[in-house]
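Participant: Take this structure, written in structure tokens, and hold onto it; I'll ask about it next.
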Amino acid sequence: MRTGESATILKVLGHGGFRRRIMEMGFVRGKKVEVVLNAPLHDPIVYRIMDYEISLRRSEARMIEVITHEEAEQLLDEQWSGEATEVKLERLINQRSKRINVALVGNPNSGKTSLFNAISGSREHVGNYSGVTVDAKRGYCTHRGYRFEITDLPGTYALTAYTPEELYVRRHLAEHTPDVIVNTVVASNLERNLYLTTELIDLNPRMIVALNMYDELEASGAAIDYENLGRMMGVPMVPVVARSGRGIEQLLDTVIAVYENQDERVRHIHIGQGPVVEAGIQPLANALRDSRNELPQAFPPRYLAMKLLENDAYVIEQLNRYPKYAEWRSIAEREAQRIKNQLGEDVETAFANQKYGFI
Ligand code: GDP
Ligand code: MG
């Protein structure tokens, strides 16, 4: 938005801590916002919202989706003729803010494409065991007045930077910041599948788990107390059979509830890394939090701290242009070395062990 322009807020993207902070400042759906000062390339941008002025960094403003009043007027001329302008504007905002971007993330062969087909009515090829092309497919559906835009992402076991698939998924989550992640988990193989879930939890996104292939679990005579499991992990879980479409309505209803912040099972948990590792994460996360307004807002500081300790190439690429990078880097190197000396294993191995321990 340029200086003097006004708009209405549709949604706030980014990790949970960021969204809460921004919404507490008054940047919530339906509120009118006006730009008091936006000097190109200069931080901060000054906005007027609910009769007071507030400054945001560009990195923060980027995560707030709006419809400008100019844009709205154009659209209003084309739709709903014969109604009062305010009524039409309200309808338009209502319609626009009910678009939910959903990313399907899960292990290879966990049924992502089957679920994608079941939701969007597409007929993408399923069961592609080899020769995976690294790309994403888009599908659409409408449910209870909400428009879902679903992206079928490549299968991954983790979110480290080592395979093209993992890098692709992480970039997608960082750059497209989906509103809700649907994590497909094979119900009969929780131990391995939940590893990726713990990786996703670290990103503090809005997320639900689709407990897929529930038919196979039932056929084996087993059952999962998914209600409690979901509460414990802070991630609502819905049993589904992607191949037959069973549970899809419940799944979409849960996506809506999570998107609207109305599912009381949602809670952000920190997966504790044990005293030795936590003593390394905390000073680094605190140093990052001191600059939190400037940092990329897709992922939380604790996650960035963990990745710096791991010497993760993708996060380094994100952070190395900051003036404080050298300071963060030296804390990370010192702490990674200390952890290695004390535990006799590198940070990455320690993280993986703690996560499996948690699972
Ligand atoms: P993707 O690799 O995650 O995209 O997984 P696919 O959708 O290609 O599915 C992998 C295999 O699991 C295919 O053979 C599917 O037919 C099968 N599958 C998917 N969903 C279900 C389900 O709910 N129940 C059962 N029994 N099989 C399923
Ligand atoms: Mg697939």
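Quick note on naming: the chains in the structure tokens go A, B, ... in the order shown, residues restart at 1 in each chain, and ligands are numbered from 1 in order of appearance.
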Return as an MDAnalysis selection string the residues of protein, DNA or RNA that approach ligand 1 to within 8 Å, with only C-alpha atoms and all ligand atoms taken into account.

Facilitator: chainID A and resid 106:116 125:129 152 154:155 184 212:216 240:245

Participant: Could you pull the residues within 10 Å of His42 in chain A, counting only C-alpha atoms, minus those fewer than 4 positions along the same chain, as a list of chain:residue names?

Facilitator: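 So the residues in contact are A:Leu37, A:Asn38, A:Arg57, A:Arg58.
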
Participant: Considering only C-alpha atoms, state which residue in the set A:Gly221, A:Gly26, A:Gly121, A:Gly274 is at the smallest distance from Thr142 in chain A.

Facilitator: A:Gly121

Participant: I need the residues in range 75-291 of chain A that are strand (DSSP E) according to DSSP; give them as a PyMOL selection string.

Facilitator: chain A and resi 99-106+137-143+146-152+180-186+207-212+237-239

Participant: List as a ChimeraX atom specification the protein and nucleic acid residues near Arg19 in chain A, meaning an atom at most 9 Å away when only C-alpha atoms are counted, but skip any in the same chain fewer than 6 places from it.

Facilitator: /A:12-13,63

Participant: Between A:Glu60, A:Asp43, A:Glu124, A:Asp312, which one has atoms that come closest to ligand 2, using only C-alpha atoms and all ligand atoms?

Facilitator: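 Nearest to ligand 2: A:Glu124.
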